[in-house]
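A.B. asks: Okay, so here is structure_19.cif, and as you'll see once you scroll down, it has mmCIF, C-alpha atoms and all ligand atoms; chains and numbers go by the auth columns.
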```cif
data_data
#
loop_
_atom_site.group_PDB
_atom_site.id
_atom_site.type_symbol
_atom_site.label_atom_id
_atom_site.label_comp_id
_atom_site.label_asym_id
_atom_site.label_seq_id
_atom_site.Cartn_x
_atom_site.Cartn_y
_atom_site.Cartn_z
_atom_site.B_iso_or_equiv
_atom_site.auth_seq_id
_atom_site.auth_asym_id
ATOM 1 C CA MET A 1 -33.057 -23.407 -13.746 0.00 252 W
ATOM 2 C CA LYS A 2 -32.455 -19.709 -13.108 0.00 253 W
ATOM 3 C CA LYS A 3 -33.530 -20.179 -9.519 0.00 254 W
ATOM 4 C CA LEU A 4 -31.143 -23.062 -9.075 0.00 255 W
ATOM 5 C CA THR A 5 -28.255 -21.023 -10.455 0.00 256 W
ATOM 6 C CA LEU A 6 -29.151 -18.182 -8.097 0.00 257 W
ATOM 7 C CA ALA A 7 -29.341 -20.563 -5.130 0.00 258 W
ATOM 8 C CA ILE A 8 -25.920 -21.960 -5.955 0.00 259 W
ATOM 9 C CA ALA A 9 -24.478 -18.473 -6.406 0.00 260 W
ATOM 10 C CA LEU A 10 -25.852 -17.443 -3.009 0.00 261 W
ATOM 11 C CA LEU A 11 -24.415 -20.538 -1.398 0.00 262 W
ATOM 12 C CA VAL A 12 -20.995 -19.941 -2.835 0.00 263 W
ATOM 13 C CA THR A 13 -20.785 -16.205 -2.088 0.00 264 W
ATOM 14 C CA PRO A 14 -20.118 -16.386 1.679 0.00 265 W
ATOM 15 C CA ALA A 15 -17.206 -18.711 1.022 0.00 266 W
ATOM 16 C CA LEU A 16 -15.490 -15.912 -0.864 0.00 267 W
ATOM 17 C CA ALA A 17 -16.461 -13.078 1.442 0.00 268 W
ATOM 18 C CA GLN A 18 -15.935 -14.729 4.815 0.00 269 W
ATOM 19 C CA ALA A 19 -15.733 -18.104 6.500 0.00 270 W
ATOM 20 C CA TRP A 20 -18.755 -20.370 6.600 0.00 271 W
ATOM 21 C CA PRO A 21 -20.766 -19.853 9.814 0.00 272 W
ATOM 22 C CA TRP A 22 -20.128 -23.402 10.993 0.00 273 W
ATOM 23 C CA SER A 23 -16.383 -23.153 10.520 0.00 274 W
ATOM 24 C CA LYS A 24 -16.187 -21.443 13.929 0.00 275 W
ATOM 25 C CA ASP A 25 -18.377 -23.942 15.791 0.00 276 W
ATOM 26 C CA MET A 26 -15.425 -25.599 17.461 0.00 277 W
ATOM 27 C CA SER A 27 -14.262 -22.369 19.073 0.00 278 W
ATOM 28 C CA GLU A 28 -17.732 -21.004 19.810 0.00 279 W
ATOM 29 C CA GLN A 29 -18.868 -23.480 22.419 0.00 280 W
ATOM 30 C CA ILE A 30 -19.580 -23.278 26.127 0.00 281 W
ATOM 31 C CA SER A 31 -16.112 -24.332 27.230 0.00 282 W
ATOM 32 C CA VAL A 32 -14.018 -21.862 29.213 0.00 283 W
ATOM 33 C CA LYS A 33 -11.885 -19.767 26.881 0.00 284 W
ATOM 34 C CA PRO A 34 -8.219 -19.013 27.438 0.00 285 W
ATOM 35 C CA GLN A 35 -7.800 -16.285 30.080 0.00 286 W
ATOM 36 C CA GLU A 36 -11.493 -16.539 30.988 0.00 287 W
ATOM 37 C CA SER A 37 -12.681 -17.508 34.442 0.00 288 W
ATOM 38 C CA VAL A 38 -15.846 -19.145 35.813 0.00 289 W
ATOM 39 C CA ASP A 39 -15.161 -17.894 39.323 0.00 290 W
ATOM 40 C CA PRO A 40 -16.568 -14.363 39.812 0.00 291 W
ATOM 41 C CA ALA A 41 -14.271 -13.867 42.811 0.00 292 W
ATOM 42 C CA HIS A 42 -11.242 -14.448 40.598 0.00 293 W
ATOM 43 C CA PRO A 43 -12.069 -13.034 37.206 0.00 294 W
ATOM 44 C CA GLY A 44 -9.880 -13.892 34.273 0.00 295 W
ATOM 45 C CA MET A 45 -7.890 -11.392 32.307 0.00 296 W
ATOM 46 C CA GLU A 46 -8.954 -7.841 33.119 0.00 297 W
ATOM 47 C CA ASN A 47 -9.388 -5.070 30.604 0.00 298 W
ATOM 48 C CA TYR A 48 -6.254 -3.099 29.849 0.00 299 W
ATOM 49 C CA PRO A 49 -5.718 -0.334 32.390 0.00 300 W
ATOM 50 C CA GLU A 50 -6.321 3.185 31.140 0.00 301 W
ATOM 51 C CA HIS A 51 -3.493 4.752 29.125 0.00 302 W
ATOM 52 C CA SER A 52 -1.878 1.382 28.377 0.00 303 W
ATOM 53 C CA GLU A 53 0.197 1.296 25.240 0.00 304 W
ATOM 54 C CA PRO A 54 1.361 -1.603 23.115 0.00 305 W
ATOM 55 C CA VAL A 55 4.930 -2.716 23.770 0.00 306 W
ATOM 56 C CA PRO A 56 7.015 -1.629 20.802 0.00 307 W
ATOM 57 C CA GLY A 57 8.536 -4.299 18.629 0.00 308 W
ATOM 58 C CA THR A 58 6.181 -7.145 19.331 0.00 309 W
ATOM 59 C CA THR A 59 3.339 -6.798 16.842 0.00 310 W
ATOM 60 C CA VAL A 60 3.284 -5.202 13.438 0.00 311 W
ATOM 61 C CA PHE A 61 0.088 -3.630 12.247 0.00 312 W
ATOM 62 C CA VAL A 62 -0.051 -2.855 8.603 0.00 313 W
ATOM 63 C CA LYS A 63 -3.199 -1.579 6.933 0.00 314 W
ATOM 64 C CA ASP A 64 -3.058 -3.075 3.458 0.00 315 W
ATOM 65 C CA ARG A 65 -0.753 -4.241 0.704 0.00 316 W
ATOM 66 C CA ASP A 66 0.026 -0.684 -0.413 0.00 317 W
ATOM 67 C CA ALA A 67 1.192 0.195 3.097 0.00 318 W
ATOM 68 C CA ALA A 68 3.164 -3.049 3.334 0.00 319 W
ATOM 69 C CA GLU A 69 4.959 -2.354 0.073 0.00 320 W
ATOM 70 C CA LYS A 70 6.661 0.680 1.590 0.00 321 W
ATOM 71 C CA MET A 71 7.802 -1.128 4.752 0.00 322 W
ATOM 72 C CA LYS A 72 11.499 -1.539 5.392 0.00 323 W
ATOM 73 C CA ASN A 73 12.783 -5.025 6.120 0.00 324 W
ATOM 74 C CA PRO A 74 13.850 -4.965 9.789 0.00 325 W
ATOM 75 C CA VAL A 75 15.544 -8.403 9.734 0.00 326 W
ATOM 76 C CA VAL A 76 19.200 -8.597 8.680 0.00 327 W
ATOM 77 C CA ALA A 77 19.752 -11.281 6.031 0.00 328 W
ATOM 78 C CA ASP A 78 22.460 -13.203 7.891 0.00 329 W
ATOM 79 C CA GLN A 79 23.009 -16.985 7.814 0.00 330 W
ATOM 80 C CA LYS A 80 20.597 -17.525 10.677 0.00 331 W
ATOM 81 C CA SER A 81 17.819 -15.608 8.963 0.00 332 W
ATOM 82 C CA LEU A 82 18.352 -17.367 5.612 0.00 333 W
ATOM 83 C CA GLU A 83 18.342 -20.784 7.256 0.00 334 W
ATOM 84 C CA PHE A 84 15.213 -20.038 9.256 0.00 335 W
ATOM 85 C CA GLY A 85 13.491 -18.429 6.274 0.00 336 W
ATOM 86 C CA GLY A 86 14.395 -21.441 4.166 0.00 337 W
ATOM 87 C CA ARG A 87 12.855 -23.823 6.656 0.00 338 W
ATOM 88 C CA LEU A 88 9.607 -21.817 6.653 0.00 339 W
ATOM 89 C CA PHE A 89 9.648 -21.458 2.863 0.00 340 W
ATOM 90 C CA GLY A 90 9.965 -25.243 2.606 0.00 341 W
ATOM 91 C CA ILE A 91 6.873 -25.710 4.742 0.00 342 W
ATOM 92 C CA TYR A 92 4.582 -22.913 3.577 0.00 343 W
ATOM 93 C CA CYS A 93 5.574 -21.890 0.076 0.00 344 W
ATOM 94 C CA THR A 94 6.974 -24.901 -1.779 0.00 345 W
ATOM 95 C CA PRO A 95 3.595 -26.627 -2.309 0.00 346 W
ATOM 96 C CA CYS A 96 2.756 -23.877 -4.802 0.00 347 W
ATOM 97 C CA HIS A 97 5.987 -22.079 -5.662 0.00 348 W
ATOM 98 C CA GLY A 98 8.255 -25.158 -5.698 0.00 349 W
ATOM 99 C CA TYR A 99 11.598 -25.648 -3.909 0.00 350 W
ATOM 100 C CA ALA A 100 13.419 -23.332 -6.289 0.00 351 W
ATOM 101 C CA GLY A 101 10.569 -20.778 -6.226 0.00 352 W
ATOM 102 C CA LYS A 102 9.858 -21.219 -9.939 0.00 353 W
ATOM 103 C CA GLY A 103 6.107 -21.548 -9.395 0.00 354 W
ATOM 104 C CA ASP A 104 6.126 -25.246 -10.220 0.00 355 W
ATOM 105 C CA GLY A 105 4.917 -26.767 -6.937 0.00 356 W
ATOM 106 C CA LEU A 106 2.569 -29.744 -7.181 0.00 357 W
ATOM 107 C CA VAL A 107 -0.373 -27.972 -5.532 0.00 358 W
ATOM 108 C CA GLY A 108 0.177 -24.873 -7.660 0.00 359 W
ATOM 109 C CA LYS A 109 -0.291 -26.896 -10.830 0.00 360 W
ATOM 110 C CA LYS A 110 -3.913 -27.471 -9.843 0.00 361 W
ATOM 111 C CA LEU A 111 -4.793 -23.773 -9.453 0.00 362 W
ATOM 112 C CA ILE A 112 -6.585 -21.693 -12.107 0.00 363 W
ATOM 113 C CA LEU A 113 -3.967 -18.972 -11.752 0.00 364 W
ATOM 114 C CA GLN A 114 -0.485 -20.498 -11.685 0.00 365 W
ATOM 115 C CA PRO A 115 1.698 -19.356 -8.777 0.00 366 W
ATOM 116 C CA PHE A 116 4.197 -16.736 -9.925 0.00 367 W
ATOM 117 C CA ASP A 117 7.836 -17.565 -10.560 0.00 368 W
ATOM 118 C CA LEU A 118 9.609 -15.900 -7.624 0.00 369 W
ATOM 119 C CA THR A 119 12.897 -15.797 -9.539 0.00 370 W
ATOM 120 C CA ALA A 120 11.428 -14.024 -12.592 0.00 371 W
ATOM 121 C CA GLU A 121 12.238 -10.440 -13.617 0.00 372 W
ATOM 122 C CA HIS A 122 9.049 -9.078 -12.028 0.00 373 W
ATOM 123 C CA ALA A 123 9.660 -10.770 -8.681 0.00 374 W
ATOM 124 C CA ARG A 124 13.218 -9.399 -8.609 0.00 375 W
ATOM 125 C CA SER A 125 11.980 -5.850 -9.067 0.00 376 W
ATOM 126 C CA ILE A 126 9.331 -5.877 -6.303 0.00 377 W
ATOM 127 C CA SER A 127 10.275 -4.521 -2.879 0.00 378 W
ATOM 128 C CA ASP A 128 10.844 -6.596 0.253 0.00 379 W
ATOM 129 C CA GLY A 129 7.699 -4.975 1.618 0.00 380 W
ATOM 130 C CA TYR A 130 5.686 -6.222 -1.360 0.00 381 W
ATOM 131 C CA ILE A 131 6.703 -9.834 -0.663 0.00 382 W
ATOM 132 C CA PHE A 132 5.895 -9.266 3.018 0.00 383 W
ATOM 133 C CA GLY A 133 2.498 -7.828 2.023 0.00 384 W
ATOM 134 C CA MET A 134 1.795 -10.787 -0.253 0.00 385 W
ATOM 135 C CA MET A 135 2.312 -13.166 2.692 0.00 386 W
ATOM 136 C CA THR A 136 0.340 -10.921 5.049 0.00 387 W
ATOM 137 C CA PHE A 137 -2.721 -10.325 2.866 0.00 388 W
ATOM 138 C CA GLY A 138 -2.522 -12.970 0.150 0.00 389 W
ATOM 139 C CA GLY A 139 -3.309 -12.338 -3.506 0.00 390 W
ATOM 140 C CA ALA A 140 -6.208 -13.120 -5.826 0.00 391 W
ATOM 141 C CA ILE A 141 -5.571 -16.830 -5.350 0.00 392 W
ATOM 142 C CA MET A 142 -2.684 -17.015 -2.906 0.00 393 W
ATOM 143 C CA PRO A 143 -3.914 -17.331 0.680 0.00 394 W
ATOM 144 C CA SER A 144 -2.790 -15.051 3.512 0.00 395 W
ATOM 145 C CA TYR A 145 -0.114 -16.445 5.809 0.00 396 W
ATOM 146 C CA ALA A 146 -0.615 -13.858 8.550 0.00 397 W
ATOM 147 C CA ASN A 147 -2.065 -16.474 10.900 0.00 398 W
ATOM 148 C CA ASP A 148 0.679 -19.015 10.288 0.00 399 W
ATOM 149 C CA LEU A 149 3.778 -16.833 10.194 0.00 400 W
ATOM 150 C CA SER A 150 4.594 -14.067 12.673 0.00 401 W
ATOM 151 C CA PRO A 151 5.781 -10.763 11.138 0.00 402 W
ATOM 152 C CA THR A 152 9.402 -11.647 11.975 0.00 403 W
ATOM 153 C CA GLU A 153 9.018 -15.088 10.401 0.00 404 W
ATOM 154 C CA ARG A 154 7.613 -13.453 7.266 0.00 405 W
ATOM 155 C CA TRP A 155 10.644 -11.147 7.002 0.00 406 W
ATOM 156 C CA ASN A 156 12.935 -14.173 7.295 0.00 407 W
ATOM 157 C CA VAL A 157 11.075 -15.767 4.385 0.00 408 W
ATOM 158 C CA VAL A 158 11.478 -12.501 2.446 0.00 409 W
ATOM 159 C CA ASN A 159 15.245 -12.723 3.038 0.00 410 W
ATOM 160 C CA TYR A 160 15.320 -16.313 1.784 0.00 411 W
ATOM 161 C CA VAL A 161 13.370 -15.451 -1.385 0.00 412 W
ATOM 162 C CA ARG A 162 15.503 -12.381 -2.090 0.00 413 W
ATOM 163 C CA HIS A 163 18.975 -13.659 -1.263 0.00 414 W
ATOM 164 C CA VAL A 164 18.886 -17.410 -1.805 0.00 415 W
ATOM 165 C CA LEU A 165 16.280 -17.959 -4.524 0.00 416 W
ATOM 166 C CA GLN A 166 16.893 -14.757 -6.468 0.00 417 W
ATOM 167 C CA GLN A 167 20.561 -14.035 -5.853 0.00 418 W
ATOM 168 C CA GLY A 168 21.930 -17.521 -5.219 0.00 419 W
ATOM 169 C CA ALA A 169 23.328 -16.890 -1.723 0.00 420 W
ATOM 170 C CA LYS A 170 24.523 -20.074 -0.041 0.00 421 W
ATOM 171 C CA VAL A 171 22.943 -21.434 3.094 0.00 422 W
ATOM 172 C CA TYR A 172 24.981 -23.994 5.026 0.00 423 W
ATOM 173 C CA SER A 173 22.058 -26.189 5.920 0.00 424 W
ATOM 174 C CA ASP A 174 19.238 -25.537 3.494 0.00 425 W
ATOM 175 C CA VAL A 175 16.423 -28.014 3.955 0.00 426 W
ATOM 176 C CA ASN A 176 15.255 -27.179 0.446 0.00 427 W
ATOM 177 C CA GLY A 177 18.368 -28.850 -0.902 0.00 428 W
ATOM 178 C CA ARG A 178 20.079 -25.833 -2.400 0.00 429 W
HETATM 179 C C1 LIG B . -1.838 -22.126 -2.484 0.00 501 Q
HETATM 180 C C2 LIG B . -0.739 -21.761 -3.346 0.00 501 Q
HETATM 181 C C3 LIG B . 0.278 -20.743 -2.864 0.00 501 Q
HETATM 182 C C4 LIG B . 1.065 -20.809 -1.739 0.00 501 Q
HETATM 183 C C5 LIG B . 1.098 -21.911 -0.687 0.00 501 Q
HETATM 184 C C6 LIG B . 1.901 -19.622 -1.760 0.00 501 Q
HETATM 185 N N1 LIG B . 1.628 -18.874 -2.869 0.00 501 Q
HETATM 186 FE FE1 LIG B . 2.560 -17.158 -3.444 0.00 501 Q
HETATM 187 N N2 LIG B . 1.367 -17.020 -5.079 0.00 501 Q
HETATM 188 C C7 LIG B . 0.399 -17.942 -5.426 0.00 501 Q
HETATM 189 C C8 LIG B . -0.314 -17.468 -6.612 0.00 501 Q
HETATM 190 C C9 LIG B . -1.442 -18.193 -7.313 0.00 501 Q
HETATM 191 C C10 LIG B . 0.247 -16.218 -6.946 0.00 501 Q
HETATM 192 C C11 LIG B . -0.195 -15.314 -8.079 0.00 501 Q
HETATM 193 C C12 LIG B . -0.799 -14.011 -7.574 0.00 501 Q
HETATM 194 C C13 LIG B . -2.154 -14.078 -6.878 0.00 501 Q
HETATM 195 O O1 LIG B . -2.586 -15.081 -6.310 0.00 501 Q
HETATM 196 O O2 LIG B . -2.800 -13.013 -6.856 0.00 501 Q
HETATM 197 C C14 LIG B . 1.317 -15.975 -5.958 0.00 501 Q
HETATM 198 C C15 LIG B . 2.128 -14.865 -5.971 0.00 501 Q
HETATM 199 C C16 LIG B . 3.147 -14.618 -5.073 0.00 501 Q
HETATM 200 C C17 LIG B . 4.014 -13.443 -5.068 0.00 501 Q
HETATM 201 C C18 LIG B . 3.991 -12.280 -6.060 0.00 501 Q
HETATM 202 C C19 LIG B . 5.147 -12.420 -7.016 0.00 501 Q
HETATM 203 C C20 LIG B . 5.181 -11.365 -8.087 0.00 501 Q
HETATM 204 O O3 LIG B . 6.053 -11.464 -8.987 0.00 501 Q
HETATM 205 O O4 LIG B . 4.345 -10.443 -8.072 0.00 501 Q
HETATM 206 C C21 LIG B . 4.880 -13.585 -4.016 0.00 501 Q
HETATM 207 C C22 LIG B . 5.972 -12.608 -3.595 0.00 501 Q
HETATM 208 C C23 LIG B . 4.555 -14.834 -3.355 0.00 501 Q
HETATM 209 N N3 LIG B . 3.509 -15.443 -4.017 0.00 501 Q
HETATM 210 C C24 LIG B . 5.218 -15.317 -2.260 0.00 501 Q
HETATM 211 C C25 LIG B . 4.832 -16.456 -1.542 0.00 501 Q
HETATM 212 C C26 LIG B . 5.482 -16.891 -0.322 0.00 501 Q
HETATM 213 C C27 LIG B . 6.691 -16.239 0.303 0.00 501 Q
HETATM 214 C C28 LIG B . 4.800 -17.991 0.104 0.00 501 Q
HETATM 215 C C29 LIG B . 5.018 -18.794 1.370 0.00 501 Q
HETATM 216 C C30 LIG B . 4.768 -18.086 2.608 0.00 501 Q
HETATM 217 C C31 LIG B . 3.733 -18.265 -0.864 0.00 501 Q
HETATM 218 N N4 LIG B . 3.786 -17.310 -1.841 0.00 501 Q
HETATM 219 C C32 LIG B . 2.835 -19.318 -0.798 0.00 501 Q
HETATM 220 C C33 LIG B . 0.103 -19.114 -4.776 0.00 501 Q
HETATM 221 C C34 LIG B . 0.652 -19.536 -3.580 0.00 501 Q
#
```
Just give me the structure of the file as structure tokens.
Ligand code: HEC
C.D. replies:
Amino acid sequence: MKKLTLAIALLVTPALAQAWPWSKDMSEQISVKPQESVDPAHPGMENYPEHSEPVPGTTVFVKDRDAAEKMKNPVVADQKSLEFGGRLFGIYCTPCHGYAGKGDGLVGKKLILQPFDLTAEHARSISDGYIFGMMTFGGAIMPSYANDLSPTERWNVVNYVRHVLQQGAKVYSDVNGR
């Protein structure tokens, strides 16, 4: 019985630490990859030339949640941002946090740790960067949305949470029905 428990524990561990090995099978096959070439005379994408530097303003690298917490929100919370953020919130966040952000989404009800109420006292006191970091890195249960939402999209969602859900700002066309 002990052995069986150990075997199950070992099986489950990689799921927590990293993806299952076969979850990448679709991408790791012999097909030609984007920007790759099969013609040696015309190779695909070359290595970056020496001394190349990233173009500012396109990608945001942030080390961890502590670093994210101190970040300043670069996106102005105007109508356009709130509308866009609302659309993304409706797609990515409502399943767990609910349309009003109260943590009462249908999927959230099934989790061991209930999604937090984004309109509660605690959520009002956290910084914009903290909300950004939560989306970037995820929490104990909450998944990371770094692959689904670009940094700019994440800041628009931050604006929606802060201004519409927490402070009741009006959005002319809010798909979440507010
Ligand atoms: C699969 C369910 C799920 C989804 C989808 C989800 N969350 Fe969460 N969220 C949680 C849970 C559970 C917590 C509690 C903390 C944890 O997981 O560590 C949480 C916590 C948070 C917190 C911390 C609040 C506080 O008071 O500390 C923020 C901010 C947050 N979520 C924002 C979002 C945003 C924005 C989205 C959409 C991009 C989102 N969440 C999508 C489950 C979810």
A.B. asks: Could you list, as a list in words, every residue within 12 Å of Ile377 in chain W, counting only C-alpha atoms and ignoring same-chain residues fewer than 6 positions away?
C.D. replies: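 The filter keeps Ala319, Glu320, Lys321, Leu369, Thr370, Ala371, Phe383, Gly384, Met385, Val409, Val412, Arg413 and Gln417 of chain W.
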A.B. asks: Mind listing the residues within 9 Å of ligand LIG 501 (chain Q), only C-alpha atoms and all ligand atoms counted, as a ChimeraX atom specification?
C.D. replies: /W:339-348,352,354,356,358-359,362-377,379,381-387,389-396,399-400,405,408-409,411-412
A.B. asks: Could you tell me which of W:Lys284, W:Asp276, W:Tyr350, W:Val326 comes closest to Gly380 in chain W if we count all atoms listed in the file?
C.D. replies: W:Val326
A.B. asks: For the atom pair CA of Trp273 in chain W and CA of Lys254 in chain W, what is the interatomic distance in Å to one decimal place?
C.D. replies: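 Result for CA of Trp273 in chain W versus CA of Lys254 in chain W: 24.7 Å, one decimal.
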A.B. asks: If you measure from CA of Leu416 in chain W to CA of Lys331 in chain W, what distance in Å do you get, rounded to one decimal?
C.D. replies: 15.8 Å
A.B. asks: Using the chain letters and numbers from this file, what does the PyMOL selection byres (((chain W and resi 296) around 6) and not hetatm) select? Give the answer as a list in words.
C.D. replies: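 Taken on the displayed file, the PyMOL selection byres (((chain W and resi 296) around 6) and not hetatm) yields the residues Gln286, Gly295 and Glu297 of chain W.
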A.B. asks: Quick one: pull the distance between CA of Glu301 in chain W and CA of Glu279 in chain W, Å, one decimal.
C.D. replies: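 Value for the CA of Glu301 in chain W-CA of Glu279 in chain W distance: 29.0 Å.
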A.B. asks: So that I can check the surroundings of Val415 in chain W, please list as a PyMOL selection string every protein, DNA and RNA residue that reaches within 12 Å of it, counting only C-alpha atoms and ignoring chain neighbours fewer than 5 positions away.
C.D. replies: chain W and resi 328-330+332-337+340+350-352+369-370+375+407-410+420-423+425+427-429
A.B. asks: What are the centre and edge lengths in Å, to one decimal, of the axis-aligned box around all listed atoms of range 411-421 of chain W with 6 Å added on each side, as JSON?
C.D. replies:
```
{"center_x": 18.9, "center_y": -16.2, "center_z": -2.3, "size_x": 23.2, "size_y": 19.7, "size_z": 20.3}
```
A.B. asks: Could you check which of W:Lys314, W:Trp271, W:Lys253, W:Arg338 is closest to Val426 in chain W, using all atoms listed in the file?
C.D. replies: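 When distances to Val426 in chain W are compared using all atoms listed in the file, the smallest one comes from W:Arg338.
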A.B. asks: Output range 316-341 of chain W as a CSV table (one decimal), in the frame of the given file, making sure N, CA and C atoms are there.
C.D. replies:
```
chain,number,residue,atom,x,y,z
W,316,ARG,N,-1.9,-3.9,1.5
W,316,ARG,CA,-0.8,-4.2,0.7
W,316,ARG,C,0.0,-3.0,0.3
W,317,ASP,N,-0.7,-1.9,0.0
W,317,ASP,CA,0.0,-0.7,-0.4
W,317,ASP,C,0.9,-0.2,0.7
W,318,ALA,N,0.4,-0.2,1.9
W,318,ALA,CA,1.2,0.2,3.1
W,318,ALA,C,2.4,-0.8,3.3
W,319,ALA,N,2.1,-2.0,3.1
W,319,ALA,CA,3.2,-3.0,3.3
W,319,ALA,C,4.3,-2.9,2.3
W,320,GLU,N,4.0,-2.5,1.1
W,320,GLU,CA,5.0,-2.4,0.1
W,320,GLU,C,6.1,-1.4,0.4
W,321,LYS,N,5.7,-0.4,1.2
W,321,LYS,CA,6.7,0.7,1.6
W,321,LYS,C,7.5,0.3,2.9
W,322,MET,N,7.1,-0.8,3.5
W,322,MET,CA,7.8,-1.1,4.8
W,322,MET,C,9.2,-1.5,4.5
W,323,LYS,N,10.1,-1.2,5.5
W,323,LYS,CA,11.5,-1.5,5.4
W,323,LYS,C,11.7,-2.9,6.1
W,324,ASN,N,12.5,-3.7,5.5
W,324,ASN,CA,12.8,-5.0,6.1
W,324,ASN,C,13.6,-4.9,7.4
W,325,PRO,N,13.1,-5.2,8.6
W,325,PRO,CA,13.8,-5.0,9.8
W,325,PRO,C,14.8,-6.1,10.1
W,326,VAL,N,14.7,-7.2,9.4
W,326,VAL,CA,15.5,-8.4,9.7
W,326,VAL,C,16.8,-8.5,8.8
W,327,VAL,N,18.0,-8.5,9.4
W,327,VAL,CA,19.2,-8.6,8.7
W,327,VAL,C,19.3,-10.0,8.0
W,328,ALA,N,19.7,-10.0,6.8
W,328,ALA,CA,19.8,-11.3,6.0
W,328,ALA,C,21.1,-12.0,6.3
W,329,ASP,N,21.3,-12.4,7.6
W,329,ASP,CA,22.5,-13.2,7.9
W,329,ASP,C,22.2,-14.7,7.7
W,330,GLN,N,23.2,-15.5,8.0
W,330,GLN,CA,23.0,-17.0,7.8
W,330,GLN,C,21.8,-17.5,8.6
W,331,LYS,N,21.7,-17.0,9.8
W,331,LYS,CA,20.6,-17.5,10.7
W,331,LYS,C,19.2,-17.2,10.1
W,332,SER,N,19.1,-16.0,9.6
W,332,SER,CA,17.8,-15.6,9.0
W,332,SER,C,17.5,-16.4,7.7
W,333,LEU,N,18.6,-16.6,6.9
W,333,LEU,CA,18.4,-17.4,5.6
W,333,LEU,C,18.0,-18.8,5.9
W,334,GLU,N,18.6,-19.4,6.9
W,334,GLU,CA,18.3,-20.8,7.3
W,334,GLU,C,16.9,-20.9,7.8
W,335,PHE,N,16.5,-20.0,8.7
W,335,PHE,CA,15.2,-20.0,9.3
W,335,PHE,C,14.2,-19.8,8.2
W,336,GLY,N,14.4,-18.8,7.4
W,336,GLY,CA,13.5,-18.4,6.3
W,336,GLY,C,13.3,-19.6,5.3
W,337,GLY,N,14.4,-20.3,5.1
W,337,GLY,CA,14.4,-21.4,4.2
W,337,GLY,C,13.5,-22.6,4.7
W,338,ARG,N,13.7,-22.8,6.0
W,338,ARG,CA,12.9,-23.8,6.7
W,338,ARG,C,11.4,-23.5,6.5
W,339,LEU,N,11.0,-22.2,6.8
W,339,LEU,CA,9.6,-21.8,6.7
W,339,LEU,C,9.1,-21.9,5.2
W,340,PHE,N,10.0,-21.4,4.3
W,340,PHE,CA,9.6,-21.5,2.9
W,340,PHE,C,9.3,-22.9,2.5
W,341,GLY,N,10.2,-23.8,2.9
W,341,GLY,CA,10.0,-25.2,2.6
W,341,GLY,C,8.6,-25.8,3.1
```
